[in-house]
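Have a look at run39.txt below; it lists compact mmCIF, C-alpha atoms.
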```txt
# COMPACT_ATOMS: atom_id res chain seq x y z
CA MET M 147 -18.86 12.09 7.31
CA ASP M 148 -19.14 14.72 10.05
CA LEU M 149 -20.24 18.35 9.71
CA PHE M 150 -16.74 19.74 9.19
CA GLU M 151 -15.88 17.17 6.53
CA ARG M 152 -19.13 17.94 4.71
CA GLN M 153 -18.41 21.68 4.79
CA TYR M 154 -14.88 21.09 3.53
CA GLN M 155 -16.14 18.93 0.68
CA GLN M 156 -18.74 21.53 -0.34
CA LEU M 157 -16.11 24.28 -0.25
CA ARG M 158 -13.66 22.15 -2.24
CA ASP M 159 -16.27 21.37 -4.89
CA ARG M 160 -17.29 25.03 -5.15
CA GLU M 161 -13.73 26.38 -5.44
CA ALA M 162 -12.28 23.59 -7.57
CA PRO M 163 -10.57 24.57 -10.86
CA LEU M 164 -12.91 25.01 -13.82
CA ALA M 165 -11.69 21.81 -15.49
CA ALA M 166 -12.56 19.80 -12.38
CA ARG M 167 -16.01 21.41 -11.99
CA MET M 168 -16.84 20.75 -15.65
CA ARG M 169 -15.51 17.18 -15.68
CA PRO M 170 -17.88 14.82 -17.56
CA ARG M 171 -20.19 12.87 -15.25
CA SER M 172 -21.53 10.32 -17.72
CA LEU M 173 -20.51 8.52 -20.89
CA THR M 174 -22.73 10.80 -22.95
CA GLU M 175 -20.62 13.79 -21.85
CA PHE M 176 -17.29 12.05 -22.47
CA VAL M 177 -15.42 13.12 -25.62
CA GLY M 178 -12.98 10.83 -27.44
CA GLN M 179 -11.58 7.35 -26.76
CA GLU M 180 -14.11 5.85 -29.18
CA GLU M 181 -11.88 2.78 -29.50
CA ILE M 182 -12.71 1.73 -25.94
CA VAL M 183 -15.95 3.50 -24.92
CA GLY M 184 -17.67 3.98 -28.27
CA PRO M 185 -21.14 2.48 -28.84
CA GLY M 186 -21.03 -1.31 -28.58
CA ARG M 187 -17.49 -1.42 -27.20
CA LEU M 188 -16.75 -3.82 -24.34
CA LEU M 189 -15.91 -1.21 -21.70
CA ARG M 190 -19.01 0.86 -22.47
CA ARG M 191 -21.21 -2.22 -22.24
CA ALA M 192 -19.56 -3.25 -18.96
CA ILE M 193 -20.10 0.20 -17.42
CA GLN M 194 -23.72 0.39 -18.57
CA ALA M 195 -24.47 -3.12 -17.30
CA ASP M 196 -22.54 -2.49 -14.05
CA GLN M 197 -20.57 -5.68 -14.67
CA LEU M 198 -16.97 -4.48 -14.44
CA THR M 199 -14.10 -6.81 -13.75
CA SER M 200 -10.70 -5.51 -12.64
CA ILE M 201 -9.26 -3.07 -15.17
CA ILE M 202 -6.22 -0.82 -15.56
CA PHE M 203 -6.31 2.44 -17.52
CA TYR M 204 -2.98 3.65 -18.84
CA GLY M 205 -2.04 6.62 -20.96
CA ALA M 206 -0.61 10.12 -20.95
CA PRO M 207 -1.85 12.71 -18.43
CA GLY M 208 -5.13 14.34 -19.45
CA THR M 209 -6.45 11.48 -21.54
CA GLY M 210 -9.43 10.80 -19.27
CA LYS M 211 -8.35 8.00 -16.94
CA THR M 212 -9.60 9.62 -13.75
CA THR M 213 -12.65 10.98 -15.56
CA LEU M 214 -13.66 7.47 -16.65
CA ALA M 215 -13.20 6.25 -13.08
CA GLN M 216 -15.49 9.05 -11.84
CA ILE M 217 -18.08 8.14 -14.48
CA ILE M 218 -17.99 4.56 -13.18
CA ALA M 219 -18.40 5.88 -9.62
CA ASN M 220 -21.46 7.85 -10.74
CA THR M 221 -23.13 4.87 -12.42
CA THR M 222 -22.24 1.76 -10.40
CA LYS M 223 -24.30 0.31 -7.57
CA ALA M 224 -21.10 -1.04 -6.02
CA LYS M 225 -19.33 0.73 -3.17
CA PHE M 226 -16.69 2.95 -4.80
CA ILE M 227 -13.52 3.68 -2.82
CA ALA M 228 -10.86 5.97 -4.30
CA ILE M 229 -7.27 6.31 -3.10
CA ASN M 230 -4.07 7.74 -4.54
CA ALA M 231 -1.02 5.52 -4.42
CA VAL M 232 1.21 8.53 -3.71
CA LEU M 233 -0.55 9.11 -0.37
CA ALA M 234 -1.94 5.67 0.51
CA GLY M 235 -0.35 2.49 1.81
CA VAL M 236 -1.06 -1.03 3.06
CA LYS M 237 -3.21 0.37 5.89
CA ASP M 238 -5.59 1.92 3.35
CA ILE M 239 -5.77 -1.32 1.38
CA ARG M 240 -6.66 -3.25 4.55
CA GLU M 241 -9.38 -0.73 5.42
CA ALA M 242 -10.85 -1.10 1.94
CA VAL M 243 -10.77 -4.88 2.27
CA GLU M 244 -12.59 -4.79 5.63
CA THR M 245 -15.23 -2.46 4.17
CA ALA M 246 -15.64 -4.77 1.19
CA LYS M 247 -16.03 -7.86 3.40
CA THR M 248 -18.65 -6.16 5.55
CA LEU M 249 -20.70 -4.87 2.62
CA ARG M 250 -20.56 -8.18 0.78
CA GLY M 251 -21.51 -10.14 3.89
CA GLN M 252 -24.33 -7.88 5.10
CA TYR M 253 -25.80 -6.52 1.87
CA GLY M 254 -24.30 -8.54 -0.98
CA GLN M 255 -22.80 -5.33 -2.34
CA ARG M 256 -19.62 -5.37 -4.41
CA THR M 257 -16.72 -2.97 -3.78
CA ILE M 258 -14.67 -1.20 -6.43
CA LEU M 259 -11.27 0.15 -5.37
CA PHE M 260 -9.91 2.89 -7.62
CA ILE M 261 -6.17 3.46 -7.24
CA ASP M 262 -4.82 6.50 -9.03
CA GLU M 263 -1.11 6.37 -9.92
CA VAL M 264 -1.16 2.66 -9.12
CA HIS M 265 2.41 2.27 -10.40
CA ARG M 266 3.57 4.29 -7.37
CA PHE M 267 2.74 1.37 -5.07
CA ASN M 268 5.87 -0.61 -4.24
CA LYS M 269 6.08 -4.39 -4.53
CA SER M 270 4.91 -5.11 -0.97
CA GLN M 271 1.93 -2.78 -1.35
CA GLN M 272 0.92 -4.38 -4.65
CA ASP M 273 1.39 -7.83 -3.12
CA ALA M 274 -0.95 -6.84 -0.27
CA LEU M 275 -3.62 -5.99 -2.83
CA LEU M 276 -3.25 -9.09 -5.01
CA PRO M 277 -5.11 -11.79 -3.01
CA TRP M 278 -8.20 -9.62 -2.59
CA VAL M 279 -8.35 -8.94 -6.31
CA GLU M 280 -7.79 -12.66 -7.01
CA ASN M 281 -10.68 -13.81 -4.82
CA GLY M 282 -13.05 -11.06 -5.95
CA THR M 283 -13.30 -9.22 -2.64
CA LEU M 284 -12.17 -6.10 -4.48
CA THR M 285 -12.68 -5.08 -8.09
CA LEU M 286 -9.63 -3.04 -9.01
CA ILE M 287 -9.61 0.03 -11.23
CA GLY M 288 -6.05 1.20 -11.62
CA ALA M 289 -4.87 4.34 -13.41
CA THR M 290 -1.29 4.95 -14.46
CA THR M 291 0.73 7.13 -16.79
CA GLU M 292 3.33 4.35 -17.08
CA ASN M 293 3.36 1.12 -19.05
CA PRO M 294 1.65 -1.37 -16.67
CA TYR M 295 3.52 -4.30 -18.22
CA PHE M 296 6.70 -2.88 -16.67
CA GLU M 297 5.51 -0.92 -13.64
CA VAL M 298 2.66 -3.01 -12.18
CA ASN M 299 2.81 -6.44 -10.54
CA LYS M 300 2.58 -9.05 -13.32
CA ALA M 301 0.01 -11.02 -11.33
CA LEU M 302 -2.22 -7.92 -11.03
CA VAL M 303 -1.82 -7.23 -14.74
CA SER M 304 -2.73 -10.81 -15.62
CA ARG M 305 -5.95 -10.55 -13.57
CA SER M 306 -6.98 -7.19 -15.07
CA ARG M 307 -8.15 -6.05 -18.47
CA LEU M 308 -5.94 -3.26 -19.77
CA PHE M 309 -7.23 -0.23 -21.68
CA GLN M 310 -4.90 2.31 -23.28
CA LEU M 311 -6.24 5.85 -23.50
CA LYS M 312 -4.75 7.84 -26.35
CA PRO M 313 -4.57 11.62 -26.24
CA LEU M 314 -6.29 13.92 -28.67
CA THR M 315 -3.63 15.82 -30.53
CA ALA M 316 -3.11 19.01 -28.57
CA ASP M 317 -3.57 21.19 -31.65
CA HIS M 318 -6.83 19.61 -32.86
CA LEU M 319 -9.79 21.79 -33.80
CA VAL M 320 -13.09 20.79 -32.20
CA LEU M 321 -16.62 21.92 -33.09
CA ASP M 322 -19.26 21.52 -30.36
CA LEU M 323 -22.69 21.55 -32.02
CA GLN M 324 -24.69 22.02 -28.81
CA ALA M 325 -22.78 24.27 -26.44
CA ASN M 326 -25.73 25.72 -24.53
CA SER M 327 -24.74 23.71 -21.43
CA GLY M 328 -21.02 24.15 -22.10
CA LEU M 329 -20.17 20.63 -20.85
CA LEU M 330 -18.55 19.32 -24.01
CA THR M 331 -16.98 22.69 -24.75
CA TRP M 332 -15.08 22.83 -21.44
CA GLU M 333 -13.95 19.24 -21.75
CA ALA M 334 -12.72 19.89 -25.30
CA LEU M 335 -10.81 22.97 -24.13
CA ARG M 336 -9.04 20.84 -21.55
CA ARG M 337 -8.08 18.24 -24.16
CA VAL M 338 -6.80 20.53 -26.94
CA PRO M 339 -4.91 23.36 -25.20
CA GLU M 340 -2.90 24.19 -28.32
CA GLY M 341 -5.79 23.88 -30.75
CA GLY M 342 -9.15 25.55 -30.74
CA VAL M 343 -12.77 24.95 -29.81
CA PHE M 344 -15.74 26.40 -31.69
CA ALA M 345 -18.98 26.37 -29.69
CA VAL M 346 -22.38 26.56 -31.39
CA VAL M 347 -25.32 28.03 -29.47
CA ASN M 348 -28.87 28.75 -30.57
CA SER M 349 -29.65 32.04 -28.84
CA GLY M 350 -28.09 35.35 -27.95
CA ALA M 351 -28.62 34.65 -24.25
CA ALA M 352 -26.74 31.35 -24.47
CA ALA M 353 -23.90 33.03 -26.38
CA GLU M 354 -23.65 35.78 -23.75
CA GLN M 355 -23.59 33.25 -20.90
CA LEU M 356 -20.89 31.11 -22.50
CA GLU M 357 -18.73 34.13 -23.33
CA SER M 358 -19.15 35.40 -19.77
CA GLN M 359 -17.96 32.06 -18.37
CA ALA M 360 -15.02 32.06 -20.79
CA ASP M 361 -13.86 35.50 -19.63
CA ALA M 362 -11.95 33.79 -16.83
CA LEU M 363 -9.68 32.12 -19.42
CA PRO M 364 -6.75 33.69 -21.28
CA PHE M 365 -8.03 35.30 -24.47
CA LEU M 366 -6.37 32.88 -26.90
CA THR M 367 -7.72 29.80 -25.12
CA ARG M 368 -11.38 30.89 -25.04
CA PRO M 369 -13.90 29.05 -27.21
CA ILE M 370 -15.07 30.81 -30.35
CA VAL M 371 -18.83 31.15 -29.93
CA LEU M 372 -21.08 30.82 -32.97
CA ASN M 373 -24.73 31.82 -32.58
CA SER M 374 -26.28 29.96 -35.49
CA PRO M 375 -28.95 27.35 -36.24
CA LEU M 376 -27.37 24.11 -37.43
CA THR M 377 -29.04 24.40 -40.83
CA ASN M 378 -27.07 27.64 -41.42
CA LEU M 379 -23.89 26.59 -39.63
CA VAL M 380 -21.87 25.68 -42.71
CA ALA M 381 -22.75 29.00 -44.33
CA THR M 382 -21.86 30.86 -41.11
CA LEU M 383 -18.48 29.14 -40.94
CA ALA M 384 -17.82 29.80 -44.62
CA GLN M 385 -18.49 33.49 -44.04
CA GLN M 386 -16.66 33.98 -40.75
CA HIS M 387 -13.95 31.27 -40.83
CA PRO M 388 -13.70 30.11 -44.46
CA GLU M 389 -10.50 28.07 -44.13
CA ILE M 390 -11.35 26.18 -40.94
CA LYS M 391 -11.71 22.38 -41.06
CA PHE M 392 -12.41 20.44 -37.88
CA ASP M 393 -10.70 17.30 -36.59
CA TRP M 394 -13.64 16.53 -34.30
CA VAL M 395 -17.31 17.49 -34.51
CA VAL M 396 -19.15 16.58 -31.30
CA GLY M 397 -22.65 17.08 -30.02
CA ARG M 398 -25.06 15.94 -27.33
CA ASN M 399 -28.71 15.96 -28.40
CA ALA M 400 -27.67 18.46 -31.06
CA LEU M 401 -30.17 17.13 -33.61
CA ALA M 402 -33.18 16.86 -31.30
CA GLU M 403 -34.92 19.95 -32.69
CA GLU M 404 -33.86 19.51 -36.32
CA VAL M 405 -36.52 18.51 -38.84
CA ASP M 406 -34.08 17.28 -41.50
CA LYS M 407 -31.41 15.55 -39.44
CA GLU M 408 -29.89 13.79 -42.44
CA LEU M 409 -29.33 17.10 -44.22
CA VAL M 410 -27.53 18.57 -41.20
CA VAL M 411 -25.21 15.55 -40.95
CA GLN M 412 -24.46 15.73 -44.68
CA GLN M 413 -23.58 19.41 -44.37
CA LEU M 414 -21.19 18.70 -41.51
CA SER M 415 -18.99 16.65 -43.87
CA GLN M 416 -18.11 19.94 -45.58
CA VAL M 417 -16.34 21.26 -42.50
CA LEU M 418 -14.45 18.07 -41.58
CA ALA M 419 -10.71 17.79 -42.03
CA ASP M 420 -9.23 14.73 -43.70
CA ARG M 421 -9.77 11.80 -41.34
CA GLY M 422 -11.92 14.01 -39.12
CA GLN M 423 -14.57 12.37 -36.96
CA VAL M 424 -18.18 13.17 -36.02
CA ILE M 425 -19.44 11.98 -32.62
CA LEU M 426 -23.12 12.65 -31.93
CA VAL M 427 -24.98 11.33 -28.90
CA GLU M 428 -28.76 11.60 -29.25
CA ARG M 429 -31.49 10.75 -26.75
CA LEU M 430 -33.69 7.93 -28.02
CA PRO M 431 -37.34 8.92 -28.47
CA GLN M 432 -39.97 7.61 -26.10
CA GLN M 433 -42.73 5.36 -27.34
CA GLY M 434 -44.99 7.25 -29.70
CA GLN M 435 -42.35 9.83 -30.60
CA ARG M 436 -40.51 10.06 -33.88
CA LEU M 437 -36.71 10.02 -34.11
```
Could you write out this structure as structure tokens?
Amino acid sequence: MDLFERQYQQLRDREAPLAARMRPRSLTEFVGQEEIVGPGRLLRRAIQADQLTSIIFYGAPGTGKTTLAQIIANTTKAKFIAINAVLAGVKDIREAVETAKTLRGQYGQRTILFIDEVHRFNKSQQDALLPWVENGTLTLIGATTENPYFEVNKALVSRSRLFQLKPLTADHLVLDLQANSGLLTWEALRRVPEGGVFAVVNSGAAAEQLESQADALPFLTRPIVLNSPLTNLVATLAQQHPEIKFDWVVGRNALAEEVDKELVVQQLSQVLADRGQVILVERLPQQGQRL
């Protein structure tokens, strides 16, 4: 990468849309898709162990296919090459293959090739990719909004593990229990554009910062900020929003400072809708600490 490319990349990252800048960078920041990346699930274990085989993500736009690929790029020790099938062709596949051969031969490093909109490759382009996936030169991650059983080469499909990403209902209500960083809040806003996101913070300064960031959004799409300790959250909601029940309650290290964690979790059941789900990701204590 030369100086001008570096400057362009820095400018692009700085001026990217809010949703792109706040895109989750790790599994702990990723909301939803518990069926495939929940604790103990095969894909989560494969990402954490850096032992991915070829996979294809398929699902509606906005379900997290590209986000998952970026999370893999952030965690893998393999060389990660990303192309878009709308813009790329056989030449790009050959360049990726040559890079993969060189890295494997000189350093023993694997290469992952991420192809967004993989269904847009025609038959000859997909055929050019097939032998290198078959012999392991490339590990394929494909992403498509179409049904891969109909739109992707059957041989590629047979050599890949398929994962369907299902959308959150656009009108879901989400409660973020630890919105001081805003990461889960912005991701939830992207996923439920017709619903609503309630963001819990633990200080006036954090509330002011989050509201200031949200000023760039249309009024009706901004998160509703709640400045409340978790032990008083149910009472706060009952007072300010008595009829609200949440489809999703999410949090990252939300319980770290709570003395009675079990009580907080029990209270959360009072604000869950029927069939609502709670997803909490907590940092494990170090040796000598108490959970």
Which of these residues is nearest to Thr283 (chain M), using only C-alpha atoms: M:Ile258, M:Leu302, M:Ile193, M:Val236?
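Nearest to Thr283 (chain M): M:Ile258.
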Counting all atoms listed in the file, what are the residues of region 299-365 of chain M within 8 Å of region 201-222 of chain M, and for each of them which pair of atoms is the nearest and at what distance in Å, to one decimal? Sort the table by chain and rising number, as CSV.
```
residue,atom,partner,partner_atom,distance
M:Val303,CA,M:Ile202,CA,7.8
M:Ser306,CA,M:Ile201,CA,4.7
M:Arg307,CA,M:Ile201,CA,4.6
M:Leu308,CA,M:Ile202,CA,4.9
M:Phe309,CA,M:Phe203,CA,5.0
M:Gln310,CA,M:Tyr204,CA,5.0
M:Leu311,CA,M:Gly205,CA,5.0
M:Lys312,CA,M:Gly205,CA,6.2
M:Pro313,CA,M:Thr209,CA,5.1
M:Leu314,CA,M:Thr209,CA,7.5
M:Arg336,CA,M:Gly208,CA,7.9
M:Arg337,CA,M:Gly208,CA,6.8
```
What does the structure give for the distance between CA of Val410 (chain M) and CA of Asn373 (chain M), in Å to one decimal?
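Taking CA of Val410 (chain M) and CA of Asn373 (chain M), their separation equals 16.1 Å.
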What are the centre and edge lengths in Å, to one decimal, of the axis-aligned box around all listed atoms of region 299-315 of chain M with 8 Å added on each side, as lines of an AutoDock Vina configuration file?
```
center_x = -2.7
center_y = 2.4
center_z = -20.5
size_x = 27.0
size_y = 42.8
size_z = 36.0
```
Of the candidates M:Ala351, M:Ala345, M:Lys223, M:Thr285, which one gets nearest to Val396 (chain M) if we count all atoms listed in the file?
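Comparing M:Ala351, M:Ala345, M:Lys223, M:Thr285 against Val396 (chain M), the winner is M:Ala345.
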Length of the CA of Leu323 (chain M) to CA of Leu418 (chain M) vector [Å]
13.1 Å
Mind pulling up the distance from CA of Asp322 (chain M) to CA of Gln355 (chain M)?
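Straight-line distance from CA of Gln355 (chain M) to CA of Asp322 (chain M) works out to 15.7 Å.
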Between M:Leu376, M:Lys247, M:Ile370, M:Phe392, which has the minimum distance to Val411 (chain M) (counting all atoms listed in the file)?
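The shortest atom-to-atom distance to Val411 (chain M) comes from M:Leu376.
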May I ask which of the residues M:Pro339, M:Glu333, M:Pro170, M:Ala228 is the closest one to Gly288 (chain M), counting all atoms listed in the file?
M:Ala228
Please write as a PyMOL selection string the list of polymer residues whose atoms come within 12 Å of (0.2, -2.4, -2.5), counting only C-alpha atoms and keeping to the coordinates of the file.
chain M and resi 229-240+242+261+263-279+286+288+298-299+302
Point out the residue among M:Glu175, M:Gln252, M:Lys407, M:Asn326 with the least atom-to-atom distance to Gly350 (chain M), counting all atoms listed in the file.
M:Asn326
Just need region 232-248 of chain M in a file, please: N, CA, C and O atoms, as a PDB file, in the first residue's frame.
```
ATOM      1  N   VAL M 232     -19.485  -8.407  -8.049  1.00  0.00           N
ATOM      2  CA  VAL M 232     -20.001  -7.453  -9.026  1.00  0.00           C
ATOM      3  C   VAL M 232     -18.852  -6.785  -9.776  1.00  0.00           C
ATOM      4  O   VAL M 232     -18.959  -6.489 -10.975  1.00  0.00           O
ATOM      5  N   LEU M 233     -17.734  -6.566  -9.093  1.00  0.00           N
ATOM      6  CA  LEU M 233     -16.609  -5.826  -9.669  1.00  0.00           C
ATOM      7  C   LEU M 233     -15.449  -6.716 -10.077  1.00  0.00           C
ATOM      8  O   LEU M 233     -14.605  -6.307 -10.876  1.00  0.00           O
ATOM      9  N   ALA M 234     -15.368  -7.919  -9.519  1.00  0.00           N
ATOM     10  CA  ALA M 234     -14.204  -8.785  -9.736  1.00  0.00           C
ATOM     11  C   ALA M 234     -14.467  -9.782 -10.873  1.00  0.00           C
ATOM     12  O   ALA M 234     -15.577  -9.934 -11.365  1.00  0.00           O
ATOM     13  N   GLY M 235     -13.380 -10.472 -11.248  1.00  0.00           N
ATOM     14  CA  GLY M 235     -13.486 -11.473 -12.304  1.00  0.00           C
ATOM     15  C   GLY M 235     -12.439 -12.553 -12.128  1.00  0.00           C
ATOM     16  O   GLY M 235     -11.821 -12.693 -11.071  1.00  0.00           O
ATOM     17  N   VAL M 236     -12.198 -13.324 -13.185  1.00  0.00           N
ATOM     18  CA  VAL M 236     -11.246 -14.422 -13.141  1.00  0.00           C
ATOM     19  C   VAL M 236      -9.845 -13.921 -12.804  1.00  0.00           C
ATOM     20  O   VAL M 236      -9.090 -14.577 -12.089  1.00  0.00           O
ATOM     21  N   LYS M 237      -9.488 -12.735 -13.306  1.00  0.00           N
ATOM     22  CA  LYS M 237      -8.168 -12.161 -13.028  1.00  0.00           C
ATOM     23  C   LYS M 237      -7.952 -12.004 -11.517  1.00  0.00           C
ATOM     24  O   LYS M 237      -6.876 -12.324 -10.997  1.00  0.00           O
ATOM     25  N   ASP M 238      -8.975 -11.550 -10.811  1.00  0.00           N
ATOM     26  CA  ASP M 238      -8.852 -11.360  -9.362  1.00  0.00           C
ATOM     27  C   ASP M 238      -8.728 -12.701  -8.637  1.00  0.00           C
ATOM     28  O   ASP M 238      -8.001 -12.815  -7.641  1.00  0.00           O
ATOM     29  N   ILE M 239      -9.432 -13.706  -9.142  1.00  0.00           N
ATOM     30  CA  ILE M 239      -9.331 -15.041  -8.554  1.00  0.00           C
ATOM     31  C   ILE M 239      -7.909 -15.569  -8.729  1.00  0.00           C
ATOM     32  O   ILE M 239      -7.315 -16.113  -7.782  1.00  0.00           O
ATOM     33  N   ARG M 240      -7.347 -15.396  -9.924  1.00  0.00           N
ATOM     34  CA  ARG M 240      -5.988 -15.881 -10.183  1.00  0.00           C
ATOM     35  C   ARG M 240      -4.968 -15.170  -9.292  1.00  0.00           C
ATOM     36  O   ARG M 240      -4.021 -15.793  -8.804  1.00  0.00           O
ATOM     37  N   GLU M 241      -5.164 -13.855  -9.093  1.00  0.00           N
ATOM     38  CA  GLU M 241      -4.244 -13.120  -8.220  1.00  0.00           C
ATOM     39  C   GLU M 241      -4.325 -13.634  -6.790  1.00  0.00           C
ATOM     40  O   GLU M 241      -3.305 -13.777  -6.108  1.00  0.00           O
ATOM     41  N   ALA M 242      -5.536 -13.941  -6.338  1.00  0.00           N
ATOM     42  CA  ALA M 242      -5.703 -14.479  -4.990  1.00  0.00           C
ATOM     43  C   ALA M 242      -5.044 -15.848  -4.869  1.00  0.00           C
ATOM     44  O   ALA M 242      -4.419 -16.170  -3.846  1.00  0.00           O
ATOM     45  N   VAL M 243      -5.167 -16.650  -5.906  1.00  0.00           N
ATOM     46  CA  VAL M 243      -4.560 -17.983  -5.905  1.00  0.00           C
ATOM     47  C   VAL M 243      -3.042 -17.871  -5.828  1.00  0.00           C
ATOM     48  O   VAL M 243      -2.386 -18.592  -5.054  1.00  0.00           O
ATOM     49  N   GLU M 244      -2.445 -16.974  -6.618  1.00  0.00           N
ATOM     50  CA  GLU M 244      -0.991 -16.812  -6.595  1.00  0.00           C
ATOM     51  C   GLU M 244      -0.514 -16.327  -5.227  1.00  0.00           C
ATOM     52  O   GLU M 244       0.517 -16.787  -4.712  1.00  0.00           O
ATOM     53  N   THR M 245      -1.268 -15.407  -4.628  1.00  0.00           N
ATOM     54  CA  THR M 245      -0.922 -14.941  -3.277  1.00  0.00           C
ATOM     55  C   THR M 245      -0.984 -16.095  -2.291  1.00  0.00           C
ATOM     56  O   THR M 245      -0.100 -16.259  -1.441  1.00  0.00           O
ATOM     57  N   ALA M 246      -2.038 -16.895  -2.412  1.00  0.00           N
ATOM     58  CA  ALA M 246      -2.218 -18.028  -1.497  1.00  0.00           C
ATOM     59  C   ALA M 246      -1.086 -19.040  -1.643  1.00  0.00           C
ATOM     60  O   ALA M 246      -0.567 -19.554  -0.646  1.00  0.00           O
ATOM     61  N   LYS M 247      -0.694 -19.337  -2.867  1.00  0.00           N
ATOM     62  CA  LYS M 247       0.403 -20.286  -3.102  1.00  0.00           C
ATOM     63  C   LYS M 247       1.705 -19.781  -2.480  1.00  0.00           C
ATOM     64  O   LYS M 247       2.440 -20.534  -1.833  1.00  0.00           O
ATOM     65  N   THR M 248       1.983 -18.500  -2.686  1.00  0.00           N
ATOM     66  CA  THR M 248       3.222 -17.919  -2.159  1.00  0.00           C
ATOM     67  C   THR M 248       3.252 -17.961  -0.632  1.00  0.00           C
ATOM     68  O   THR M 248       4.249 -18.373  -0.025  1.00  0.00           O
TER      69      THR M 248
END
```
